[in-house]
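A.B. asks: Attaching a single structure in structure tokens format; questions to follow.
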Amino acid sequence: MLLLLASLALQHPPARPPDLSKRAHTYSIVAYDSATGDLGVAVQSKFPNVGGLVPWARAGIGAVATQSLSNTDYGEKGLELMALGATAPEALRVVMRGDPRPAQRQVGMVDGRGNAASWTGDSCFDWAGGRAGGQALGGKGQLITGRTFAAQANIMVSDQTVKNMAEAFERSTGALADRLMAALKAGQAGGGDKRGMESAALLVVRKNAGYLGGTDRYIDIRVYDDTNPIRELERLYGLHRLYFFTSRAEDLIPITPDIVKQLEPILLREPLNQKDKWLDASQGVANRRFLEALANFMYWENYDVRVRMDGKIDRVVLQDVLARRKR
């Protein structure tokens with residue numbers, strides 16, 4: 001009889017849920033940095049453009065990851081509630097009460113005071129569960145709370161993905177974005193999404209830390225579709241640091257005659273396919289004319305936030321300029 005039932009099960013596998021294609025089969029981490037006040041989300045999935053669906057954050061208020069059968073109310077209303085003073089666990093419970101399908105949701109929340117919560121509904125596909133800072137692993141049908149971060153995953157190879165994310169985040173140091181990236185990579189090393197990889201995103205907010213202080217979106221990077229989205233996310237994060245992070249004091253070096261000798265040929269021949277070049281004659285030293293030409297060149301090449309007129313150059317920019325012209 002048991003053999004017959006097994007045979008029938010193989011012939012008639014369980015029906016595919018009608019909303020399966022809409023679910024972001026995902027692992028993510030939301031976190032708060034007490035040193036900087038940064039709030040952020042890192043996420044990876046076998047689902048296209050997960051960055052347009054899962055991560056939400058507001059500077060000084062909180063961060064949210066809403067996945068499985070994603071419900072944007074957890075992002076929108078959750079942040080609104082936290083802005084009114086609710087803790088992450090309180091906001092999560094309130095939004096859940098108005099949700100007609102909480103069993104199909106998976107959500108991580110953290111507020112601007114470091115309170116964290118993670119929920120995994122009963123209907124999320126195995127393996128599914130989460131962990132909040134300072135708390136043990138929680139499975140389906142559990143809302144767990146903790147401090148500073150919440151990691152969650154569904155349709156994973158095993159619980160090792162969430163364990164790896166939590167452990168990597170807890171032991172890593174440095175900027176919140178770097179710690180989130182470390183957690184994301186560790187999650188994949190634990191097996192990740194059992195269907196594979198497709199998209200990833202990194203979102204970090206900080207008050208007035210966006211481009212030229214105009215926004216709070218300190219980092220907002222999305223990989224829509226890639227065979228190795230975490231590797232691509234890491235590459236794009238490197239470019240983001242180059243183009244959007246201001247110079248560190250330790251990276252500023254004087255523009256010596258030797259550096260002028262390296263940069264002048266570039267300024268004399270570029271912009272390519274343009275009649276007027278940045279520099280029309282060799283200067284040999286970093287005088288005003290050379291510095292103005294270098295500044296114009298740097299704006300053209302999108303190094304806006306690292307432009308200087310004090311006789312110094314950011315070594316990171318210098319290395320990038322020279323490396324690109326050796327390719």
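The chains in the structure tokens are called A, B, ... from first to last as shown; in each chain the residues are counted from 1, and the ligands are counted from 1 in the order shown.
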Within region 259-301 of chain A, find each residue whose DSSP state, derived from the backbone, is helix (DSSP H, G or I), and express the selection as an MDAnalysis selection string.
C.D. replies: chainID A and resid 259:269 288:300
A.B. asks: Store the residues picked out above, limited to C-alpha atoms, as a short mmCIF file (atom, residue, chain, number, x, y, z; two decimals), in the first residue's frame.
C.D. replies:
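Saved result, out.cif, follows:
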data_model
loop_
_atom_site.label_atom_id
_atom_site.label_comp_id
_atom_site.auth_asym_id
_atom_site.auth_seq_id
_atom_site.Cartn_x
_atom_site.Cartn_y
_atom_site.Cartn_z
CA ILE A 259 52.10 62.78 -11.19
CA VAL A 260 51.79 65.74 -13.57
CA LYS A 261 53.96 63.78 -16.03
CA GLN A 262 51.53 60.85 -15.83
CA LEU A 263 48.37 62.94 -16.22
CA GLU A 264 49.40 65.59 -18.76
CA PRO A 265 49.38 63.27 -21.80
CA ILE A 266 45.78 62.39 -20.95
CA LEU A 267 44.76 66.03 -20.56
CA LEU A 268 46.52 66.93 -23.84
CA ARG A 269 44.71 64.28 -25.93
CA ARG A 288 46.39 76.87 -11.77
CA ARG A 289 46.01 76.05 -15.45
CA PHE A 290 46.83 72.39 -14.89
CA LEU A 291 44.48 72.13 -11.89
CA GLU A 292 41.58 73.67 -13.83
CA ALA A 293 42.17 71.25 -16.71
CA LEU A 294 42.32 68.33 -14.27
CA ALA A 295 39.10 69.45 -12.55
CA ASN A 296 37.26 69.70 -15.89
CA PHE A 297 38.54 66.27 -16.86
CA MET A 298 37.39 64.79 -13.53
CA TYR A 299 33.92 66.27 -13.86
CA TRP A 300 33.70 64.86 -17.39
#
A.B. asks: Asn228 (chain A): which residues within 10 Å, counting only C-alpha atoms, same-chain residues fewer than 4 positions away excluded, as a PyMOL selection string?
C.D. replies: chain A and resi 196-200+223+232-233
A.B. asks: Looking at only C-alpha atoms, which of A:Arg105, A:Leu203, A:Asp226, A:Trp119 is the one that sits closest to Trp56 (chain A)?
C.D. replies: A:Leu203
A.B. asks: So, counting only C-alpha atoms, which residue among A:Ala286, A:Val30, A:Ile230, A:Met82 is closest to Leu180 (chain A)?
C.D. replies: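 For Leu180 (chain A), the nearest of the candidates is A:Val30.
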A.B. asks: What parts of region 59-170 of chain A does DSSP call strand (DSSP E or B)? I'd like the answer as a PyMOL selection string.
C.D. replies: chain A and resi 62-68+105-111+115-120+129-132+138+142-147+149-153+156
A.B. asks: Set the distance at 8 Å and use only C-alpha atoms: which residues neighbour region 236-251 of chain A once local chain neighbours fewer than 6 positions away are removed? I'd like the list as a ChimeraX atom specification.
C.D. replies: /A:210-211,219,221,302-306,314-317
A.B. asks: For CA of Asn115 (chain A) and CA of Gly60 (chain A), quote the distance in Å rounded to one decimal.
C.D. replies: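 Computed distance, CA of Asn115 (chain A) to CA of Gly60 (chain A), equals 12.7 Å.
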A.B. asks: When distances are computed from only C-alpha atoms, which of A:Tyr32, A:Tyr218, A:Tyr224, A:Trp278 shows the smallest separation from Val205 (chain A)?
C.D. replies: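 Result for the nearest residue to Val205 (chain A): A:Tyr218.
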A.B. asks: Residues near Gly146 (chain A), anyone? I mean within 12 Å using only C-alpha atoms, not counting same-chain ones fewer than 4 positions away, as a tab-separated table (two decimals) with N, CA and C atoms, in the first residue's frame.
C.D. replies:
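Final file, around00.tsv:
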chain	number	residue	atom	x	y	z
A	30	VAL	N	18.26	42.87	7.17
A	30	VAL	CA	18.05	44.29	7.47
A	30	VAL	C	18.86	44.60	8.72
A	31	ALA	N	19.45	45.80	8.78
A	31	ALA	CA	20.33	46.07	9.91
A	31	ALA	C	20.47	47.55	10.21
A	32	TYR	N	20.93	47.81	11.43
A	32	TYR	CA	21.13	49.16	11.96
A	32	TYR	C	22.55	49.27	12.50
A	87	THR	N	8.16	50.62	17.60
A	87	THR	CA	9.37	49.82	17.41
A	87	THR	C	9.15	48.90	16.22
A	88	ALA	N	10.21	48.31	15.74
A	88	ALA	CA	10.09	47.38	14.61
A	88	ALA	C	9.13	46.23	14.92
A	89	PRO	N	9.25	45.56	16.09
A	89	PRO	CA	8.29	44.49	16.39
A	89	PRO	C	6.85	44.98	16.45
A	108	GLY	N	11.44	41.14	7.39
A	108	GLY	CA	12.41	41.56	8.38
A	108	GLY	C	12.30	43.05	8.58
A	109	MET	N	12.35	43.52	9.83
A	109	MET	CA	12.28	44.95	10.13
A	109	MET	C	13.30	45.32	11.19
A	110	VAL	N	13.86	46.52	11.06
A	110	VAL	CA	14.70	47.09	12.10
A	110	VAL	C	14.39	48.57	12.18
A	111	ASP	N	14.37	49.13	13.40
A	111	ASP	CA	14.07	50.55	13.54
A	111	ASP	C	15.32	51.35	13.85
A	113	ARG	N	16.34	52.68	16.37
A	113	ARG	CA	16.90	52.50	17.72
A	113	ARG	C	17.50	51.12	17.88
A	114	GLY	N	17.50	50.35	16.79
A	114	GLY	CA	18.14	49.05	16.81
A	114	GLY	C	17.26	47.87	17.15
A	115	ASN	N	15.96	48.10	17.36
A	115	ASN	CA	15.05	46.98	17.61
A	115	ASN	C	14.78	46.25	16.30
A	116	ALA	N	14.81	44.93	16.34
A	116	ALA	CA	14.66	44.15	15.11
A	116	ALA	C	13.61	43.06	15.28
A	117	ALA	N	13.00	42.67	14.16
A	117	ALA	CA	12.00	41.60	14.18
A	117	ALA	C	11.99	40.89	12.84
A	118	SER	N	11.65	39.59	12.88
A	118	SER	CA	11.55	38.81	11.65
A	118	SER	C	10.34	37.88	11.75
A	119	TRP	N	9.57	37.81	10.66
A	119	TRP	CA	8.39	36.95	10.61
A	119	TRP	C	8.49	36.03	9.40
A	130	GLY	N	14.08	32.55	10.02
A	130	GLY	CA	14.86	33.76	10.22
A	130	GLY	C	15.59	33.77	11.54
A	131	ARG	N	16.34	34.83	11.73
A	131	ARG	CA	17.07	35.03	12.99
A	131	ARG	C	17.24	36.52	13.22
A	132	ALA	N	17.02	36.95	14.44
A	132	ALA	CA	17.24	38.34	14.83
A	132	ALA	C	18.43	38.40	15.77
A	133	GLY	N	19.11	39.55	15.79
A	133	GLY	CA	20.31	39.69	16.60
A	133	GLY	C	20.10	39.30	18.05
A	134	GLY	N	20.92	38.38	18.53
A	134	GLY	CA	20.83	37.93	19.91
A	134	GLY	C	19.84	36.82	20.14
A	135	GLN	N	19.16	36.36	19.09
A	135	GLN	CA	18.14	35.33	19.24
A	135	GLN	C	18.48	34.09	18.41
A	136	ALA	N	17.95	32.96	18.84
A	136	ALA	CA	18.16	31.71	18.12
A	136	ALA	C	17.34	31.70	16.84
A	137	LEU	N	17.60	30.71	16.01
A	137	LEU	CA	16.90	30.54	14.75
A	137	LEU	C	15.41	30.35	14.98
A	138	GLY	N	14.59	30.99	14.15
A	138	GLY	CA	13.14	30.81	14.23
A	138	GLY	C	12.61	30.24	12.94
A	150	ALA	N	18.02	41.63	11.45
A	150	ALA	CA	17.15	40.47	11.26
A	150	ALA	C	17.49	39.87	9.90
A	151	ALA	N	17.73	38.56	9.89
A	151	ALA	CA	18.02	37.84	8.65
A	151	ALA	C	16.91	36.82	8.42
A	166	ALA	N	23.77	35.63	9.69
A	166	ALA	CA	23.81	36.19	11.04
A	166	ALA	C	25.22	36.18	11.61
